[in-house]
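Colleague: Structure file final.txt (compact mmCIF, C-alpha atoms and all ligand atoms) is given on the next line.
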# COMPACT_ATOMS: atom_id res chain seq x y z
CA MET A 1 68.92 48.83 56.15
CA ASP A 2 67.48 45.34 55.69
CA LEU A 3 65.78 46.44 52.50
CA ILE A 4 69.02 47.86 51.09
CA ARG A 5 70.86 44.67 52.07
CA HIS A 6 68.19 42.63 50.32
CA ILE A 7 68.47 44.72 47.15
CA THR A 8 72.27 44.29 47.21
CA GLU A 9 71.88 40.53 47.48
CA VAL A 10 69.34 40.44 44.66
CA SER A 11 71.59 42.60 42.47
CA LYS A 12 74.29 39.92 42.74
CA MET A 13 71.94 37.08 41.74
CA ASP A 14 72.35 35.65 38.27
CA PRO A 15 69.49 37.20 36.29
CA PHE A 16 70.19 40.66 37.77
CA ASN A 17 73.97 40.70 37.81
CA GLY A 18 75.05 43.83 35.95
CA GLY A 19 71.46 45.05 35.74
CA ILE A 20 70.98 46.62 39.18
CA PHE A 21 73.42 49.09 40.70
CA LEU A 22 73.33 50.72 44.10
CA LEU A 23 74.88 54.18 44.11
CA GLU A 24 76.47 55.26 47.37
CA ASP A 25 76.90 58.87 48.48
CA TYR A 26 74.46 60.38 46.01
CA ASP A 27 75.57 63.96 45.44
CA LEU A 28 75.48 66.69 42.79
CA ASP A 29 78.17 65.04 40.66
CA ILE A 30 76.44 61.68 40.58
CA ALA A 31 73.11 63.44 39.99
CA ARG A 32 74.62 65.31 37.01
CA SER A 33 75.76 62.06 35.37
CA LEU A 34 72.46 60.33 36.10
CA VAL A 35 70.17 62.98 34.64
CA GLN A 36 72.30 62.98 31.45
CA GLY A 37 72.68 59.26 31.17
CA VAL A 38 69.42 57.48 31.88
CA ASP A 39 66.29 57.02 29.78
CA VAL A 40 63.57 56.60 32.40
CA TRP A 41 63.39 58.07 35.90
CA LEU A 42 61.36 55.65 37.98
CA ASN A 43 59.89 56.78 41.29
CA THR A 44 57.67 54.42 43.27
CA PRO A 45 57.12 55.42 46.90
CA LEU A 46 53.74 54.67 48.46
CA LYS A 47 51.41 57.64 48.08
CA PRO A 48 51.36 60.00 50.06
CA MET A 49 54.99 59.46 51.13
CA GLU A 50 56.63 61.45 48.32
CA ALA A 51 57.51 64.85 49.82
CA SER A 52 58.28 66.41 46.44
CA GLY A 53 60.51 64.41 44.11
CA THR A 54 62.84 67.18 42.97
CA SER A 55 65.25 64.69 41.41
CA GLY A 56 62.55 63.82 38.87
CA GLN A 57 62.22 67.50 37.98
CA LYS A 58 65.94 67.70 37.26
CA ALA A 59 65.72 64.53 35.18
CA GLY A 60 62.68 65.75 33.23
CA LEU A 61 64.23 69.02 32.17
CA ASN A 62 67.27 67.09 30.96
CA GLY A 63 65.05 65.08 28.64
CA VAL A 64 64.71 62.03 30.86
CA MET A 65 61.24 60.51 30.79
CA ASN A 66 59.59 60.27 34.22
CA CYS A 67 57.57 57.27 35.28
CA SER A 68 56.21 57.83 38.76
CA ILE A 69 53.25 57.44 41.04
CA ARG A 70 50.86 60.41 41.12
CA ASP A 71 52.31 62.09 44.19
CA GLY A 72 54.54 65.09 44.93
CA TRP A 73 55.31 67.26 41.91
CA TRP A 74 54.52 64.57 39.31
CA ASP A 75 50.79 64.73 39.95
CA GLU A 76 51.00 68.33 38.69
CA GLY A 77 53.65 67.75 36.05
CA VAL A 78 52.53 64.68 34.12
CA SER A 79 50.81 64.97 30.75
CA SER A 80 50.05 62.30 28.19
CA LEU A 81 53.29 63.01 26.29
CA ASN A 82 55.97 63.91 28.85
CA GLY A 83 56.08 60.66 30.83
CA TRP A 84 53.89 58.14 32.61
CA ALA A 85 51.85 58.10 35.80
CA ILE A 86 51.45 54.79 37.59
CA PRO A 87 47.72 54.59 38.44
CA ASP A 88 46.79 55.53 41.98
CA SER A 89 46.50 52.53 44.29
CA SER A 90 45.72 54.36 47.53
CA GLU A 91 42.15 53.02 47.49
CA VAL A 92 43.38 49.41 47.19
CA SER A 93 43.55 47.46 50.45
CA PRO A 94 47.03 47.62 52.07
CA GLN A 95 47.65 43.87 51.58
CA LYS A 96 47.02 44.09 47.84
CA ARG A 97 48.70 47.41 47.16
CA ASP A 98 52.21 46.19 46.28
CA GLU A 99 50.70 43.64 43.93
CA ALA A 100 48.50 46.28 42.25
CA ASP A 101 51.42 48.72 41.94
CA SER A 102 53.78 46.17 40.41
CA GLN A 103 51.10 45.00 37.95
CA ALA A 104 50.42 48.60 36.96
CA LEU A 105 54.13 49.24 36.46
CA TYR A 106 54.59 46.14 34.29
CA ASN A 107 51.59 47.18 32.20
CA ILE A 108 53.12 50.60 31.54
CA LEU A 109 56.49 49.04 30.72
CA GLU A 110 55.01 46.51 28.32
CA ASP A 111 52.30 48.62 26.71
CA ALA A 112 53.93 52.04 26.55
CA ILE A 113 57.59 52.41 27.50
CA ILE A 114 59.16 49.43 25.71
CA PRO A 115 57.27 49.82 22.37
CA LEU A 116 58.00 53.56 22.32
CA TYR A 117 61.68 53.06 23.09
CA TYR A 118 62.35 50.22 20.63
CA THR A 119 60.35 51.52 17.69
CA ARG A 120 63.11 53.02 15.55
CA ASP A 121 63.50 54.31 12.02
CA LEU A 122 66.13 53.26 9.51
CA GLY A 123 68.75 55.43 11.18
CA ARG A 124 68.00 53.56 14.45
CA VAL A 125 66.58 56.73 16.01
CA PRO A 126 63.48 56.27 18.22
CA ARG A 127 61.77 59.35 16.79
CA ARG A 128 58.62 59.24 18.90
CA TRP A 129 60.68 58.75 22.05
CA VAL A 130 62.79 61.75 21.12
CA ASP A 131 59.60 63.77 20.57
CA CYS A 132 58.55 62.84 24.09
CA MET A 133 61.96 63.87 25.47
CA ARG A 134 61.46 67.25 23.80
CA GLU A 135 57.96 67.44 25.28
CA SER A 136 59.40 66.69 28.71
CA ILE A 137 61.94 69.52 28.40
CA ARG A 138 59.33 71.87 26.96
CA THR A 139 56.65 71.31 29.62
CA ILE A 140 58.74 70.76 32.74
CA THR A 141 61.46 73.40 32.42
CA PRO A 142 59.27 76.52 32.71
CA LEU A 143 57.05 75.11 35.46
CA PHE A 144 59.44 73.36 37.81
CA SER A 145 62.34 75.76 38.19
CA SER A 146 63.83 77.94 40.92
CA GLN A 147 62.76 80.90 38.80
CA ARG A 148 59.11 79.94 39.13
CA MET A 149 59.59 79.22 42.84
CA LEU A 150 61.15 82.63 43.48
CA ARG A 151 58.52 84.41 41.41
CA GLN A 152 55.75 82.72 43.40
CA TYR A 153 57.38 83.51 46.72
CA ASP A 154 57.69 87.11 45.59
CA GLU A 155 54.14 87.46 44.26
CA GLN A 156 52.27 85.37 46.81
CA ILE A 157 54.25 85.89 50.01
CA TYR A 158 56.86 88.68 49.97
CA GLN A 159 54.92 91.41 48.16
CA PRO A 160 51.65 90.92 50.10
CA THR A 161 53.67 90.84 53.34
CA ILE A 162 55.43 94.10 52.47
CA LYS A 163 52.06 95.73 51.69
CA ARG A 164 50.52 94.38 54.89
CA GLY A 165 53.50 95.60 56.89
CA GLY A 166 52.94 99.06 55.41
CA ARG A 167 49.23 99.06 56.28
CA LEU A 168 49.94 97.94 59.83
CA ALA A 169 52.46 100.73 60.36
CA GLU A 170 50.37 103.61 58.96
CA ASN A 171 49.21 106.34 61.39
CA HIS A 172 51.50 105.25 64.19
CA PHE A 173 50.53 101.59 63.89
CA ALA A 174 46.80 102.30 64.21
CA LEU A 175 45.70 99.08 62.51
CA ALA A 176 48.29 97.03 64.39
CA SER A 177 46.93 98.32 67.72
CA GLN A 178 43.38 97.64 66.65
CA ILE A 179 44.26 94.03 65.71
CA ALA A 180 46.14 93.53 68.97
CA GLU A 181 43.13 94.75 70.94
CA PHE A 182 40.81 92.49 68.97
CA LYS A 183 43.03 89.47 69.61
CA HIS A 184 43.26 90.30 73.29
CA PHE A 185 39.46 90.55 73.55
CA ILE A 186 38.93 87.24 71.72
CA CYS A 187 41.48 85.42 73.90
CA GLU A 188 39.89 86.77 77.07
CA ASN A 189 36.43 85.58 76.01
CA TRP A 190 37.19 82.42 74.07
CA SER A 191 37.00 79.94 76.95
CA SER A 192 33.21 80.30 77.21
CA VAL A 193 32.60 79.91 73.45
CA ARG A 194 31.13 76.52 72.53
CA VAL A 195 29.04 74.69 69.98
CA LEU A 196 25.71 73.94 71.66
CA SER A 197 24.08 71.68 69.08
CA VAL A 198 24.32 70.31 65.53
CA ASP A 199 21.03 69.32 63.89
CA PHE A 200 20.09 67.88 60.52
CA ARG A 201 17.09 68.28 58.33
CA GLU A 202 17.19 65.89 55.45
CA GLY A 203 15.64 67.10 52.26
CA ARG A 204 16.02 67.13 48.55
CA GLU A 205 18.05 69.43 46.42
CA PRO A 206 15.93 72.46 45.56
CA PHE A 207 15.01 72.59 41.85
CA SER A 208 16.39 69.08 41.35
CA GLU A 209 13.22 68.04 39.53
CA TYR A 210 14.04 70.53 36.83
CA ARG A 211 17.63 69.43 36.62
CA TYR A 212 17.16 65.68 36.62
CA GLY A 213 13.66 65.54 35.21
CA LEU A 214 12.80 62.50 37.34
CA GLY A 215 11.68 64.13 40.56
CA GLU A 216 14.21 62.02 42.47
CA GLY A 217 16.95 64.56 43.05
CA MET A 218 19.97 64.37 45.30
CA ILE A 219 19.53 64.07 49.02
CA HIS A 220 20.94 67.02 50.86
CA SER A 221 20.87 67.86 54.53
CA GLU A 222 20.43 71.23 56.05
CA VAL A 223 22.91 71.53 58.91
CA LEU A 224 21.81 73.80 61.75
CA VAL A 225 24.36 74.77 64.37
CA GLU A 226 23.77 76.71 67.57
CA VAL A 227 26.82 78.40 68.99
CA TYR A 228 27.29 80.15 72.29
CA LEU A 229 29.55 83.14 71.69
CA GLY A 230 28.94 85.14 74.86
CA ALA A 231 30.55 88.55 74.42
CA VAL A 232 32.10 87.69 71.05
CA TRP A 233 30.35 89.29 68.08
CA PHE A 234 28.74 86.85 65.63
CA GLN A 235 30.61 88.44 62.70
CA ASP A 236 33.98 87.83 64.34
CA VAL A 237 33.86 84.05 64.01
CA ARG A 238 33.55 81.55 61.22
CA VAL A 239 31.53 78.38 61.65
CA GLU A 240 32.31 75.52 59.32
CA ALA A 241 31.83 71.81 58.81
CA VAL A 242 34.91 69.69 58.17
CA GLY A 243 35.03 66.07 57.06
CA SER A 244 37.17 63.49 55.36
CA ASN A 245 36.82 62.99 51.60
CA GLY A 246 38.10 59.44 51.76
CA MET A 247 41.25 60.14 49.73
CA GLY A 248 43.32 61.23 52.72
CA GLY A 249 42.16 64.80 52.23
CA ILE A 250 39.45 66.88 53.88
CA TRP A 251 36.51 68.94 52.72
CA ARG A 252 35.43 72.16 54.42
CA CYS A 253 32.08 73.86 54.13
CA SER A 254 31.28 77.29 55.51
CA LEU A 255 28.04 77.80 57.42
CA SER A 256 26.41 81.19 57.27
CA PHE A 257 24.84 83.22 60.02
CA ALA A 258 21.10 82.62 60.14
CA ALA A 259 19.66 84.17 63.30
CA LYS A 260 20.24 85.40 66.80
CA VAL A 261 18.57 82.86 69.12
CA ARG A 262 18.95 84.78 72.35
CA GLN A 263 21.59 86.89 74.07
CA GLY A 264 25.00 85.43 73.14
CA VAL A 265 23.54 82.44 71.23
CA TYR A 266 23.51 82.35 67.43
CA LEU A 267 22.29 79.99 64.73
CA TYR A 268 24.40 79.13 61.67
CA ARG A 269 23.21 77.17 58.67
CA GLY A 270 24.72 75.29 55.76
CA PHE A 271 24.09 72.43 53.34
CA PHE A 272 25.66 69.01 53.18
CA HIS A 273 25.25 66.88 50.07
CA GLY A 274 24.14 63.60 51.53
CA THR A 275 22.29 62.03 54.43
CA GLU A 276 23.12 62.30 58.11
CA GLU A 277 24.57 58.78 57.84
CA LYS A 278 26.96 59.87 55.10
CA TRP A 279 27.96 62.79 57.30
CA ARG A 280 28.94 60.35 60.06
CA GLN A 281 30.80 58.10 57.62
CA SER A 282 32.96 61.02 56.55
CA ASN A 283 33.81 61.77 60.21
CA ALA A 284 32.37 65.22 59.74
CA ASN A 285 32.18 67.69 62.59
CA VAL A 286 31.57 71.39 63.13
CA ARG A 287 33.98 73.97 64.48
CA VAL A 288 33.95 77.66 65.27
CA PHE A 289 37.05 79.84 65.12
CA PRO A 290 37.85 83.56 65.32
CA SER A 291 38.04 85.33 61.99
CA SER A 292 39.02 88.77 60.77
CA ILE A 293 39.84 90.28 57.39
CA ASN A 294 42.87 91.79 59.10
CA PHE A 295 44.43 88.44 59.98
CA ALA A 296 47.39 87.37 57.88
CA SER A 297 46.22 83.78 57.91
CA GLU A 298 42.96 82.00 58.61
CA PHE A 299 44.12 80.43 61.86
CA GLU A 300 46.23 83.27 63.15
CA LEU A 301 44.96 82.88 66.72
CA GLU A 302 45.14 79.09 66.67
CA LEU A 303 41.84 78.91 68.52
CA ALA A 304 38.93 76.67 67.60
CA LYS A 305 36.06 75.00 69.40
CA TRP A 306 34.72 71.75 67.98
CA ALA A 307 31.27 70.34 68.56
CA ASP A 308 31.14 67.33 70.87
CA PRO A 309 30.94 64.53 68.26
CA ASN A 310 28.75 62.44 70.57
CA GLY A 311 26.48 65.26 71.66
C1 LIG B 1 67.86 66.57 43.63
C2 LIG B 1 68.75 66.07 44.65
C3 LIG B 1 68.23 65.49 45.83
C4 LIG B 1 66.74 65.34 46.08
O1 LIG B 1 66.30 64.18 45.46
P1 LIG B 1 64.83 63.61 45.71
O2 LIG B 1 64.67 62.49 44.75
O3 LIG B 1 63.87 64.74 45.49
O4 LIG B 1 64.80 63.13 47.13
C5 LIG B 1 69.12 65.03 46.76
N1 LIG B 1 70.45 65.12 46.58
C6 LIG B 1 70.99 65.67 45.46
C7 LIG B 1 72.46 65.74 45.32
C8 LIG B 1 70.16 66.17 44.46
O5 LIG B 1 70.69 66.73 43.36
Would you mind writing the file's structure down as structure tokens?
Ligand SMILES: *Cc1c(COP(=O)(O)O)cnc(C)c1O
Modeller:
Amino acid sequence: MDLIRHITEVSKMDPFNGGIFLLEDYDLDIARSLVQGVDVWLNTPLKPMEASGTSGQKAGLNGVMNCSIRDGWWDEGVSSLNGWAIPDSSEVSPQKRDEADSQALYNILEDAIIPLYYTRDLGRVPRRWVDCMRESIRTITPLFSSQRMLRQYDEQIYQPTIKRGGRLAENHFALASQIAEFKHFICENWSSVRVLSVDFREGREPFSEYRYGLGEGMIHSEVLVEVYLGAVWFQDVRVEAVGSNGMGGIWRCSLSFAAKVRQGVYLYRGFFHGTEEKWRQSNANVRVFPSSINFASEFELELAKWADPNG
């Protein structure tokens, strides 16, 4: 509320009077006029706060040029000709981010948007701008439409679900019963499952001397994980390492079964590109969770055991 009040006050100040408008009760009618009547659609939330940005899609397919941060749909939609992406500032320290974003925006305005818009031929038509409007319509319309959305729902969700439903129901629900029994068994036995140890063996990338020619190579660590599974079969779980990639996202790396240590205890093994210290810096940890090709989703049972990060 305070922010909106502030913008209202600023919009009434001398240099901005008549240049800034606040639209109340945004609805389909207002949206229709806007997407037909503006030249640039500016969208500047802080990454990763943009949920999608559908209004920019509607603008783009009406020939409005988008200028937005690389978040939501625009990260997928932007090309060098259909609009502008404000460079990512999520790595900049929080105190300096607004400053960096505004500088980046002014650079785009001065170096790209304004020259393109005001360069006109004898008939006063900004030909290159119009080419970009066409490019916006051409590239955005087929990709960001309800038609594409429905097709993807159909191909990726509805059709596979129908097929799976059919398989589950065959032979008096034979597969469904088998899955139910499996889940019941896992749930009964899951409480005793735990990660016993996570060990590192630092080494160098195999064959790196051939690849880099210097004999230096990249440091990699072999990650060795002992898991107590008790009555659970070693093929019915997945063991993986998970860590942060520093950009607000995560990386995941599957470990493969290496050996049976003793009754109910199994060894899994994988590779991590970096030292044990880098592993800690990326807040990496190991988890084990039930897995089956018959599950509809990876975490269908919502069960996982993590290694004790201090152990
Ligand atoms: C597109 C649209 C929205 C969504 O706008 P965003 O910028 O994606 O939040 C909301 N209201 C109306 C009327 C719209 O047409």
Colleague: Would you be able to write out as a list in words which residues have an atom within 10 Å of (51.2, 57.1, 37.0) in the file's coordinates, counting only C-alpha atoms?
Modeller: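 Every residue inside that radius is included here: Asn43, Thr44, Asn66, Cys67, Ser68, Ile69, Arg70, Asp71, Trp74, Asp75, Val78, Gly83, Trp84, Ala85, Ile86, Pro87, Asp88, Ser89, Asp101, Ala104, Leu105 and Ile108 of chain A.
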Colleague: Take atom CA of Leu34 of chain A and atom CA of Asp131 of chain A and report the distance between them in Å, one decimal.
Modeller: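 Calculated distance between atom CA of Leu34 of chain A and atom CA of Asp131 of chain A is 20.5 Å.
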Colleague: May I ask which of the residues A:Gly56, A:His6, A:Ser221, A:Ser33 is the closest one to ligand LIG 1 (chain B), counting all atoms listed in the file?
Modeller: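 Looking only at the distances to ligand LIG 1 (chain B), the closest residue turns out to be A:Gly56.
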Colleague: Quick one: residues within 7 Å of ligand LIG 1 (chain B), with only C-alpha atoms and all ligand atoms, as a ChimeraX atom specification?
Modeller: /A:26-28,31,52-56,58
Colleague: Using atom CA of Thr139 of chain A and atom CA of Leu81 of chain A as the two end points, give the distance in Å to one decimal.
Modeller: 9.6 Å
